[in-house]
Amino acid sequence: MVAPPHPTVRGLLVWMQTNPGRLRELLAVQAQGADDLAPAGDPAVRAHLGFVAEALAANASPAAAPALEGFAAALPGLLAGREAQVDEHLQRIGEATAFELGLQFGDEASDDPSIRSMIDRRMRIGAWTRVFLDALDEARPGQSPIAGDVLAWMGERQAQLADTIFSMDRRAKEGEMARGGADAVASPEVVNRIGQAAILQAHTRFLVEGLAEKL
């Protein structure tokens, strides 16, 4: 079968769904020596981005494969050295997010620890995503940069992202209750774990959709 000229959403998602063991391997590697082992902590975010890079390489056309395979192989090292860029993106994202947070939840939202923690996680995922896209552009010399287009695509669909997070969170909670009863999601720790996982999984899917649209 001849590979399509551009990766498709279906092709990327099918590859990711049929290779869960590879994601677990990436998560284990990133967790080594890490302090933050939360479901949406920096190590988990980097592992998911590495998983997306490998999906791109696996679905690349012959012409694009060398660059994308090289990108996937080099990405762990590239991300490990980009913390300063993450901080720069966080500062810009933080200013916009604080404004949006006030509009959505009111001025008291910034003082709510649960909302603040959720927003902080989402901001860091967004910052790492920007670093990932910058590195992807650098790995494709001679090709039109796509970081700006992908970010614009994602920015125009924030309501869709919020709906996806809510849906994934609800399904995960329903699964927990099916296995352990209503009390399975009674503790704040479980709710936080499920919520963080849903946030990262939804952002990962959203990134895949944006890449398929713009790459």
# chains A, B, ... in the order shown; residues from 1 in each chain; ligands from 1
>>> select_by_dssp(residues="stretch 70-170 of chain A", states="alpha helix (DSSP H)", output="PDB file with N, CA and C atoms, in the first residue's frame")
ATOM      1  N   GLY A  70      13.953  10.795  11.854  1.00  0.00           N
ATOM      2  CA  GLY A  70      15.037  11.442  12.591  1.00  0.00           C
ATOM      3  C   GLY A  70      14.509  12.307  13.719  1.00  0.00           C
ATOM      4  N   PHE A  71      13.410  12.991  13.461  1.00  0.00           N
ATOM      5  CA  PHE A  71      12.786  13.827  14.489  1.00  0.00           C
ATOM      6  C   PHE A  71      12.334  12.983  15.669  1.00  0.00           C
ATOM      7  N   ALA A  72      11.661  11.868  15.386  1.00  0.00           N
ATOM      8  CA  ALA A  72      11.171  11.002  16.460  1.00  0.00           C
ATOM      9  C   ALA A  72      12.327  10.454  17.286  1.00  0.00           C
ATOM     10  N   ALA A  73      13.408  10.071  16.625  1.00  0.00           N
ATOM     11  CA  ALA A  73      14.551   9.506  17.343  1.00  0.00           C
ATOM     12  C   ALA A  73      15.251  10.541  18.206  1.00  0.00           C
ATOM     13  N   ALA A  74      15.307  11.774  17.719  1.00  0.00           N
ATOM     14  CA  ALA A  74      16.048  12.818  18.428  1.00  0.00           C
ATOM     15  C   ALA A  74      15.209  13.563  19.459  1.00  0.00           C
ATOM     16  N   LEU A  75      13.885  13.397  19.407  1.00  0.00           N
ATOM     17  CA  LEU A  75      13.014  14.236  20.229  1.00  0.00           C
ATOM     18  C   LEU A  75      13.279  14.159  21.727  1.00  0.00           C
ATOM     19  N   PRO A  76      13.495  12.974  22.315  1.00  0.00           N
ATOM     20  CA  PRO A  76      13.737  12.972  23.767  1.00  0.00           C
ATOM     21  C   PRO A  76      14.882  13.891  24.176  1.00  0.00           C
ATOM     22  N   GLY A  77      15.968  13.852  23.415  1.00  0.00           N
ATOM     23  CA  GLY A  77      17.087  14.731  23.721  1.00  0.00           C
ATOM     24  C   GLY A  77      16.769  16.186  23.475  1.00  0.00           C
ATOM     25  N   LEU A  78      16.008  16.459  22.421  1.00  0.00           N
ATOM     26  CA  LEU A  78      15.631  17.838  22.120  1.00  0.00           C
ATOM     27  C   LEU A  78      14.759  18.428  23.223  1.00  0.00           C
ATOM     28  N   LEU A  79      13.788  17.666  23.687  1.00  0.00           N
ATOM     29  CA  LEU A  79      12.903  18.176  24.726  1.00  0.00           C
ATOM     30  C   LEU A  79      13.635  18.355  26.050  1.00  0.00           C
ATOM     31  N   ALA A  80      14.591  17.493  26.313  1.00  0.00           N
ATOM     32  CA  ALA A  80      15.329  17.577  27.574  1.00  0.00           C
ATOM     33  C   ALA A  80      16.092  18.890  27.704  1.00  0.00           C
ATOM     34  N   GLU A  83      13.856  23.436  28.469  1.00  0.00           N
ATOM     35  CA  GLU A  83      13.098  23.954  29.603  1.00  0.00           C
ATOM     36  C   GLU A  83      12.985  25.471  29.571  1.00  0.00           C
ATOM     37  N   ALA A  84      14.042  26.150  29.111  1.00  0.00           N
ATOM     38  CA  ALA A  84      13.992  27.617  29.058  1.00  0.00           C
ATOM     39  C   ALA A  84      12.904  28.084  28.090  1.00  0.00           C
ATOM     40  N   GLN A  85      12.759  27.379  26.976  1.00  0.00           N
ATOM     41  CA  GLN A  85      11.712  27.728  26.032  1.00  0.00           C
ATOM     42  C   GLN A  85      10.328  27.473  26.616  1.00  0.00           C
ATOM     43  N   VAL A  86      10.194  26.394  27.385  1.00  0.00           N
ATOM     44  CA  VAL A  86       8.918  26.114  28.054  1.00  0.00           C
ATOM     45  C   VAL A  86       8.552  27.277  28.966  1.00  0.00           C
ATOM     46  N   ASP A  87       9.525  27.766  29.728  1.00  0.00           N
ATOM     47  CA  ASP A  87       9.266  28.885  30.636  1.00  0.00           C
ATOM     48  C   ASP A  87       8.850  30.135  29.873  1.00  0.00           C
ATOM     49  N   GLU A  88       9.478  30.378  28.726  1.00  0.00           N
ATOM     50  CA  GLU A  88       9.113  31.543  27.915  1.00  0.00           C
ATOM     51  C   GLU A  88       7.676  31.425  27.405  1.00  0.00           C
ATOM     52  N   HIS A  89       7.334  30.256  26.918  1.00  0.00           N
ATOM     53  CA  HIS A  89       5.969  30.053  26.442  1.00  0.00           C
ATOM     54  C   HIS A  89       4.975  30.156  27.590  1.00  0.00           C
ATOM     55  N   LEU A  90       5.347  29.644  28.760  1.00  0.00           N
ATOM     56  CA  LEU A  90       4.445  29.695  29.912  1.00  0.00           C
ATOM     57  C   LEU A  90       4.098  31.130  30.286  1.00  0.00           C
ATOM     58  N   GLN A  91       5.071  32.009  30.200  1.00  0.00           N
ATOM     59  CA  GLN A  91       4.809  33.398  30.552  1.00  0.00           C
ATOM     60  C   GLN A  91       3.760  34.003  29.621  1.00  0.00           C
ATOM     61  N   ARG A  92       3.884  33.723  28.324  1.00  0.00           N
ATOM     62  CA  ARG A  92       2.917  34.254  27.375  1.00  0.00           C
ATOM     63  C   ARG A  92       1.561  33.582  27.530  1.00  0.00           C
ATOM     64  N   ILE A  93       1.566  32.249  27.687  1.00  0.00           N
ATOM     65  CA  ILE A  93       0.313  31.528  27.864  1.00  0.00           C
ATOM     66  C   ILE A  93      -0.371  31.964  29.152  1.00  0.00           C
ATOM     67  N   GLY A  94       0.417  32.192  30.190  1.00  0.00           N
ATOM     68  CA  GLY A  94      -0.149  32.538  31.487  1.00  0.00           C
ATOM     69  C   GLY A  94      -0.934  33.827  31.455  1.00  0.00           C
ATOM     70  N   GLU A  95      -0.433  34.828  30.734  1.00  0.00           N
ATOM     71  CA  GLU A  95      -1.130  36.100  30.669  1.00  0.00           C
ATOM     72  C   GLU A  95      -2.487  35.937  29.991  1.00  0.00           C
ATOM     73  N   ALA A  96      -2.525  35.181  28.895  1.00  0.00           N
ATOM     74  CA  ALA A  96      -3.786  34.966  28.187  1.00  0.00           C
ATOM     75  C   ALA A  96      -4.726  34.088  28.998  1.00  0.00           C
ATOM     76  N   THR A  97      -4.170  33.064  29.643  1.00  0.00           N
ATOM     77  CA  THR A  97      -5.006  32.137  30.407  1.00  0.00           C
ATOM     78  C   THR A  97      -5.635  32.825  31.608  1.00  0.00           C
ATOM     79  N   ALA A  98      -4.885  33.676  32.275  1.00  0.00           N
ATOM     80  CA  ALA A  98      -5.430  34.385  33.431  1.00  0.00           C
ATOM     81  C   ALA A  98      -6.645  35.222  33.027  1.00  0.00           C
ATOM     82  N   PHE A  99      -6.558  35.842  31.860  1.00  0.00           N
ATOM     83  CA  PHE A  99      -7.682  36.643  31.374  1.00  0.00           C
ATOM     84  C   PHE A  99      -8.885  35.750  31.075  1.00  0.00           C
ATOM     85  N   GLU A 100      -8.652  34.641  30.360  1.00  0.00           N
ATOM     86  CA  GLU A 100      -9.737  33.730  30.007  1.00  0.00           C
ATOM     87  C   GLU A 100     -10.339  33.087  31.257  1.00  0.00           C
ATOM     88  N   LEU A 101      -9.492  32.791  32.237  1.00  0.00           N
ATOM     89  CA  LEU A 101      -9.961  32.177  33.485  1.00  0.00           C
ATOM     90  C   LEU A 101     -10.922  33.106  34.210  1.00  0.00           C
ATOM     91  N   GLY A 102     -10.582  34.392  34.233  1.00  0.00           N
ATOM     92  CA  GLY A 102     -11.461  35.356  34.876  1.00  0.00           C
ATOM     93  C   GLY A 102     -12.796  35.472  34.178  1.00  0.00           C
ATOM     94  N   LEU A 103     -12.782  35.444  32.843  1.00  0.00           N
ATOM     95  CA  LEU A 103     -14.027  35.522  32.091  1.00  0.00           C
ATOM     96  C   LEU A 103     -14.903  34.298  32.332  1.00  0.00           C
ATOM     97  N   GLN A 104     -14.286  33.124  32.409  1.00  0.00           N
ATOM     98  CA  GLN A 104     -15.039  31.876  32.503  1.00  0.00           C
ATOM     99  C   GLN A 104     -15.550  31.610  33.916  1.00  0.00           C
ATOM    100  N   PHE A 105     -14.707  31.841  34.926  1.00  0.00           N
ATOM    101  CA  PHE A 105     -15.058  31.445  36.285  1.00  0.00           C
ATOM    102  C   PHE A 105     -15.223  32.616  37.253  1.00  0.00           C
ATOM    103  N   PRO A 113      -7.830  26.475  44.548  1.00  0.00           N
ATOM    104  CA  PRO A 113      -6.677  25.587  44.309  1.00  0.00           C
ATOM    105  C   PRO A 113      -6.937  24.535  43.245  1.00  0.00           C
ATOM    106  N   SER A 114      -8.152  23.953  43.214  1.00  0.00           N
ATOM    107  CA  SER A 114      -8.425  22.892  42.243  1.00  0.00           C
ATOM    108  C   SER A 114      -8.435  23.436  40.825  1.00  0.00           C
ATOM    109  N   ILE A 115      -9.061  24.584  40.628  1.00  0.00           N
ATOM    110  CA  ILE A 115      -9.079  25.192  39.292  1.00  0.00           C
ATOM    111  C   ILE A 115      -7.685  25.647  38.906  1.00  0.00           C
ATOM    112  N   ARG A 116      -6.972  26.227  39.851  1.00  0.00           N
ATOM    113  CA  ARG A 116      -5.621  26.713  39.564  1.00  0.00           C
ATOM    114  C   ARG A 116      -4.699  25.579  39.151  1.00  0.00           C
ATOM    115  N   SER A 117      -4.808  24.435  39.854  1.00  0.00           N
ATOM    116  CA  SER A 117      -3.970  23.283  39.520  1.00  0.00           C
ATOM    117  C   SER A 117      -4.280  22.772  38.122  1.00  0.00           C
ATOM    118  N   MET A 118      -5.566  22.684  37.781  1.00  0.00           N
ATOM    119  CA  MET A 118      -5.961  22.233  36.454  1.00  0.00           C
ATOM    120  C   MET A 118      -5.423  23.160  35.376  1.00  0.00           C
ATOM    121  N   ILE A 119      -5.571  24.453  35.607  1.00  0.00           N
ATOM    122  CA  ILE A 119      -5.100  25.428  34.614  1.00  0.00           C
ATOM    123  C   ILE A 119      -3.579  25.370  34.471  1.00  0.00           C
ATOM    124  N   ASP A 120      -2.869  25.198  35.589  1.00  0.00           N
ATOM    125  CA  ASP A 120      -1.413  25.111  35.524  1.00  0.00           C
ATOM    126  C   ASP A 120      -0.976  23.921  34.678  1.00  0.00           C
ATOM    127  N   ARG A 121      -1.648  22.786  34.853  1.00  0.00           N
ATOM    128  CA  ARG A 121      -1.312  21.600  34.054  1.00  0.00           C
ATOM    129  C   ARG A 121      -1.566  21.865  32.579  1.00  0.00           C
ATOM    130  N   ARG A 122      -2.711  22.459  32.264  1.00  0.00           N
ATOM    131  CA  ARG A 122      -3.037  22.737  30.868  1.00  0.00           C
ATOM    132  C   ARG A 122      -2.055  23.711  30.256  1.00  0.00           C
ATOM    133  N   MET A 123      -1.612  24.696  31.036  1.00  0.00           N
ATOM    134  CA  MET A 123      -0.637  25.662  30.531  1.00  0.00           C
ATOM    135  C   MET A 123       0.687  24.982  30.201  1.00  0.00           C
ATOM    136  N   ARG A 124       1.117  24.074  31.061  1.00  0.00           N
ATOM    137  CA  ARG A 124       2.397  23.404  30.805  1.00  0.00           C
ATOM    138  C   ARG A 124       2.292  22.484  29.581  1.00  0.00           C
ATOM    139  N   ILE A 125       1.154  21.812  29.424  1.00  0.00           N
ATOM    140  CA  ILE A 125       0.978  20.991  28.227  1.00  0.00           C
ATOM    141  C   ILE A 125       1.039  21.881  26.988  1.00  0.00           C
ATOM    142  N   GLY A 126       0.384  23.041  27.053  1.00  0.00           N
ATOM    143  CA  GLY A 126       0.424  23.968  25.932  1.00  0.00           C
ATOM    144  C   GLY A 126       1.828  24.461  25.626  1.00  0.00           C
ATOM    145  N   ALA A 127       2.606  24.737  26.671  1.00  0.00           N
ATOM    146  CA  ALA A 127       3.979  25.204  26.457  1.00  0.00           C
ATOM    147  C   ALA A 127       4.842  24.123  25.834  1.00  0.00           C
ATOM    148  N   TRP A 128       4.729  22.892  26.319  1.00  0.00           N
ATOM    149  CA  TRP A 128       5.492  21.785  25.734  1.00  0.00           C
ATOM    150  C   TRP A 128       5.059  21.524  24.288  1.00  0.00           C
ATOM    151  N   THR A 129       3.777  21.698  24.012  1.00  0.00           N
ATOM    152  CA  THR A 129       3.296  21.507  22.643  1.00  0.00           C
ATOM    153  C   THR A 129       3.946  22.508  21.701  1.00  0.00           C
ATOM    154  N   ARG A 130       4.089  23.734  22.136  1.00  0.00           N
ATOM    155  CA  ARG A 130       4.737  24.745  21.314  1.00  0.00           C
ATOM    156  C   ARG A 130       6.207  24.414  21.079  1.00  0.00           C
ATOM    157  N   VAL A 131       6.869  23.919  22.099  1.00  0.00           N
ATOM    158  CA  VAL A 131       8.261  23.500  21.943  1.00  0.00           C
ATOM    159  C   VAL A 131       8.359  22.344  20.945  1.00  0.00           C
ATOM    160  N   PHE A 132       7.451  21.385  21.058  1.00  0.00           N
ATOM    161  CA  PHE A 132       7.410  20.253  20.132  1.00  0.00           C
ATOM    162  C   PHE A 132       7.250  20.734  18.697  1.00  0.00           C
ATOM    163  N   LEU A 133       6.333  21.644  18.467  1.00  0.00           N
ATOM    164  CA  LEU A 133       6.079  22.118  17.107  1.00  0.00           C
ATOM    165  C   LEU A 133       7.263  22.908  16.557  1.00  0.00           C
ATOM    166  N   ASP A 134       7.907  23.684  17.405  1.00  0.00           N
ATOM    167  CA  ASP A 134       9.117  24.394  16.963  1.00  0.00           C
ATOM    168  C   ASP A 134      10.203  23.401  16.547  1.00  0.00           C
ATOM    169  N   ALA A 135      10.370  22.350  17.350  1.00  0.00           N
ATOM    170  CA  ALA A 135      11.385  21.341  17.036  1.00  0.00           C
ATOM    171  C   ALA A 135      11.022  20.587  15.754  1.00  0.00           C
ATOM    172  N   LEU A 136       9.741  20.352  15.530  1.00  0.00           N
ATOM    173  CA  LEU A 136       9.313  19.679  14.303  1.00  0.00           C
ATOM    174  C   LEU A 136       9.632  20.530  13.079  1.00  0.00           C
ATOM    175  N   ASP A 137       9.398  21.816  13.165  1.00  0.00           N
ATOM    176  CA  ASP A 137       9.746  22.699  12.051  1.00  0.00           C
ATOM    177  C   ASP A 137      11.255  22.675  11.785  1.00  0.00           C
ATOM    178  N   GLU A 138      12.037  22.679  12.854  1.00  0.00           N
ATOM    179  CA  GLU A 138      13.499  22.654  12.692  1.00  0.00           C
ATOM    180  C   GLU A 138      13.963  21.355  12.044  1.00  0.00           C
ATOM    181  N   ALA A 147       4.178  25.285  12.678  1.00  0.00           N
ATOM    182  CA  ALA A 147       3.854  25.519  14.087  1.00  0.00           C
ATOM    183  C   ALA A 147       2.746  26.548  14.242  1.00  0.00           C
ATOM    184  N   GLY A 148       2.883  27.662  13.558  1.00  0.00           N
ATOM    185  CA  GLY A 148       1.879  28.715  13.673  1.00  0.00           C
ATOM    186  C   GLY A 148       0.509  28.270  13.196  1.00  0.00           C
ATOM    187  N   ASP A 149       0.480  27.533  12.084  1.00  0.00           N
ATOM    188  CA  ASP A 149      -0.803  27.069  11.554  1.00  0.00           C
ATOM    189  C   ASP A 149      -1.479  26.077  12.494  1.00  0.00           C
ATOM    190  N   VAL A 150      -0.696  25.151  13.054  1.00  0.00           N
ATOM    191  CA  VAL A 150      -1.269  24.164  13.970  1.00  0.00           C
ATOM    192  C   VAL A 150      -1.791  24.849  15.230  1.00  0.00           C
ATOM    193  N   LEU A 151      -1.022  25.783  15.769  1.00  0.00           N
ATOM    194  CA  LEU A 151      -1.454  26.482  16.975  1.00  0.00           C
ATOM    195  C   LEU A 151      -2.707  27.311  16.712  1.00  0.00           C
ATOM    196  N   ALA A 152      -2.779  27.926  15.536  1.00  0.00           N
ATOM    197  CA  ALA A 152      -3.978  28.698  15.191  1.00  0.00           C
ATOM    198  C   ALA A 152      -5.183  27.773  15.062  1.00  0.00           C
ATOM    199  N   TRP A 153      -4.984  26.620  14.433  1.00  0.00           N
ATOM    200  CA  TRP A 153      -6.063  25.629  14.285  1.00  0.00           C
ATOM    201  C   TRP A 153      -6.569  25.200  15.653  1.00  0.00           C
ATOM    202  N   MET A 154      -5.642  24.927  16.560  1.00  0.00           N
ATOM    203  CA  MET A 154      -6.023  24.504  17.901  1.00  0.00           C
ATOM    204  C   MET A 154      -6.698  25.637  18.667  1.00  0.00           C
ATOM    205  N   GLY A 155      -6.169  26.841  18.502  1.00  0.00           N
ATOM    206  CA  GLY A 155      -6.728  27.980  19.216  1.00  0.00           C
ATOM    207  C   GLY A 155      -8.155  28.290  18.827  1.00  0.00           C
ATOM    208  N   GLN A 158     -10.983  25.707  20.872  1.00  0.00           N
ATOM    209  CA  GLN A 158     -10.847  25.454  22.298  1.00  0.00           C
ATOM    210  C   GLN A 158     -12.122  24.885  22.916  1.00  0.00           C
ATOM    211  N   ALA A 159     -13.283  25.252  22.387  1.00  0.00           N
ATOM    212  CA  ALA A 159     -14.521  24.666  22.900  1.00  0.00           C
ATOM    213  C   ALA A 159     -14.571  23.175  22.597  1.00  0.00           C
ATOM    214  N   GLN A 160     -14.087  22.800  21.416  1.00  0.00           N
ATOM    215  CA  GLN A 160     -14.031  21.379  21.056  1.00  0.00           C
ATOM    216  C   GLN A 160     -13.076  20.631  21.973  1.00  0.00           C
ATOM    217  N   LEU A 161     -11.944  21.258  22.300  1.00  0.00           N
ATOM    218  CA  LEU A 161     -10.988  20.631  23.220  1.00  0.00           C
ATOM    219  C   LEU A 161     -11.615  20.442  24.590  1.00  0.00           C
ATOM    220  N   ALA A 162     -12.308  21.461  25.080  1.00  0.00           N
ATOM    221  CA  ALA A 162     -12.949  21.356  26.393  1.00  0.00           C
ATOM    222  C   ALA A 162     -13.975  20.223  26.405  1.00  0.00           C
ATOM    223  N   ASP A 163     -14.741  20.098  25.319  1.00  0.00           N
ATOM    224  CA  ASP A 163     -15.721  19.016  25.232  1.00  0.00           C
ATOM    225  C   ASP A 163     -15.041  17.649  25.234  1.00  0.00           C
ATOM    226  N   THR A 164     -13.896  17.563  24.551  1.00  0.00           N
ATOM    227  CA  THR A 164     -13.166  16.291  24.495  1.00  0.00           C
ATOM    228  C   THR A 164     -12.624  15.913  25.869  1.00  0.00           C
ATOM    229  N   ILE A 165     -12.089  16.886  26.590  1.00  0.00           N
ATOM    230  CA  ILE A 165     -11.604  16.630  27.948  1.00  0.00           C
ATOM    231  C   ILE A 165     -12.744  16.141  28.825  1.00  0.00           C
ATOM    232  N   PHE A 166     -13.880  16.820  28.760  1.00  0.00           N
ATOM    233  CA  PHE A 166     -15.038  16.437  29.580  1.00  0.00           C
ATOM    234  C   PHE A 166     -15.490  15.023  29.247  1.00  0.00           C
ATOM    235  N   SER A 167     -15.548  14.702  27.957  1.00  0.00           N
ATOM    236  CA  SER A 167     -16.006  13.375  27.543  1.00  0.00           C
ATOM    237  C   SER A 167     -15.059  12.286  28.018  1.00  0.00           C
ATOM    238  N   MET A 168     -13.740  12.513  27.864  1.00  0.00           N
ATOM    239  CA  MET A 168     -12.764  11.523  28.301  1.00  0.00           C
ATOM    240  C   MET A 168     -12.793  11.360  29.819  1.00  0.00           C
ATOM    241  N   ASP A 169     -12.942  12.464  30.532  1.00  0.00           N
ATOM    242  CA  ASP A 169     -13.010  12.416  31.990  1.00  0.00           C
ATOM    243  C   ASP A 169     -14.236  11.621  32.440  1.00  0.00           C
ATOM    244  N   ARG A 170     -15.371  11.874  31.807  1.00  0.00           N
ATOM    245  CA  ARG A 170     -16.602  11.175  32.176  1.00  0.00           C
ATOM    246  C   ARG A 170     -16.500   9.680  31.903  1.00  0.00           C
TER     247      ARG A 170
END
>>> residues_around(residues="stretch 56-65 of chain A", least_positions_apart="4", cutoff="10 Å", atoms="only C-alpha atoms", output="short mmCIF file (atom, residue, chain, number, x, y, z; two decimals) with N, CA and C atoms, in the first residue's frame")
data_model
loop_
_atom_site.label_atom_id
_atom_site.label_comp_id
_atom_site.auth_asym_id
_atom_site.auth_seq_id
_atom_site.Cartn_x
_atom_site.Cartn_y
_atom_site.Cartn_z
N VAL A 2 0.57 2.19 -0.87
CA VAL A 2 1.34 3.43 -0.95
C VAL A 2 0.89 4.37 0.16
N ALA A 3 1.86 4.92 0.88
CA ALA A 3 1.52 5.84 1.97
C ALA A 3 0.93 7.12 1.40
N PRO A 4 -0.09 7.70 2.07
CA PRO A 4 -0.64 8.98 1.60
C PRO A 4 0.40 10.07 1.72
N PRO A 5 0.26 11.15 0.93
CA PRO A 5 1.26 12.22 0.98
C PRO A 5 1.34 12.91 2.33
N HIS A 6 0.24 12.87 3.08
CA HIS A 6 0.21 13.49 4.40
C HIS A 6 -0.43 12.51 5.39
N PRO A 7 0.00 12.52 6.64
CA PRO A 7 -0.62 11.63 7.62
C PRO A 7 -2.08 12.01 7.83
N THR A 8 -2.92 11.01 8.03
CA THR A 8 -4.33 11.25 8.30
C THR A 8 -4.61 11.06 9.78
N GLY A 11 -5.12 7.37 10.40
CA GLY A 11 -3.88 6.61 10.37
C GLY A 11 -3.07 6.81 11.63
N LEU A 12 -2.97 8.04 12.09
CA LEU A 12 -2.20 8.33 13.30
C LEU A 12 -2.85 7.69 14.52
N TRP A 15 -2.54 3.84 14.60
CA TRP A 15 -1.19 3.43 14.99
C TRP A 15 -1.01 3.56 16.50
N MET A 16 -1.48 4.67 17.06
CA MET A 16 -1.33 4.91 18.49
C MET A 16 -2.16 3.91 19.30
N GLY A 50 6.52 12.33 22.44
CA GLY A 50 7.36 11.36 21.74
C GLY A 50 6.53 10.32 21.02
N PHE A 51 5.41 9.94 21.61
CA PHE A 51 4.51 8.98 21.00
C PHE A 51 3.90 9.56 19.71
N VAL A 52 3.52 10.84 19.76
CA VAL A 52 3.00 11.51 18.57
C VAL A 52 4.06 11.55 17.48
N GLU A 69 11.39 10.39 10.86
CA GLU A 69 12.03 9.34 11.65
C GLU A 69 13.18 9.91 12.47
N GLY A 70 13.95 10.79 11.85
CA GLY A 70 15.04 11.44 12.59
C GLY A 70 14.51 12.31 13.72
N PHE A 71 13.41 12.99 13.46
CA PHE A 71 12.79 13.83 14.49
C PHE A 71 12.33 12.98 15.67
N ALA A 72 11.66 11.87 15.39
CA ALA A 72 11.17 11.00 16.46
C ALA A 72 12.33 10.45 17.29
N ALA A 73 13.41 10.07 16.62
CA ALA A 73 14.55 9.51 17.34
C ALA A 73 15.25 10.54 18.21
N ARG A 140 12.49 19.78 9.69
CA ARG A 140 12.02 19.70 8.31
C ARG A 140 12.56 20.85 7.48
N VAL A 208 -2.72 15.72 17.44
CA VAL A 208 -2.70 14.81 16.28
C VAL A 208 -3.64 15.32 15.18
N LEU A 211 -2.05 18.37 13.49
CA LEU A 211 -0.94 17.99 12.62
C LEU A 211 -1.44 17.37 11.33
N ALA A 212 -2.43 16.50 11.43
CA ALA A 212 -2.98 15.88 10.22
C ALA A 212 -3.59 16.91 9.30
N LEU A 215 -0.02 19.43 8.36
CA LEU A 215 1.31 18.94 7.96
C LEU A 215 1.35 18.65 6.46
#
>>> residues_around(residues="stretch 22-27 of chain A", least_positions_apart="5", cutoff="9 Å", atoms="only C-alpha atoms", output="VMD selection string")
chain A and resid 16 32 43 to 48 50 to 51
>>> residues_around(residues="A:Met177", least_positions_apart="6", cutoff="12 Å", atoms="only C-alpha atoms", output="MDAnalysis selection string")
chainID A and resid 170:171 183:186 190:191
>>> atom_distance(atom1="atom CA of A:Ala172", atom2="atom CA of A:Gly41")
18.6 Å
>>> closest_residue(among="A:Val9, A:Ile146, A:Ala197, A:Ala182", to="A:Ala55", atoms="only C-alpha atoms")
A:Val9
>>> closest_residue(among="A:Leu37, A:Ala139, A:Ile194, A:Leu13", to="A:Leu207", atoms="only C-alpha atoms")
A:Leu13
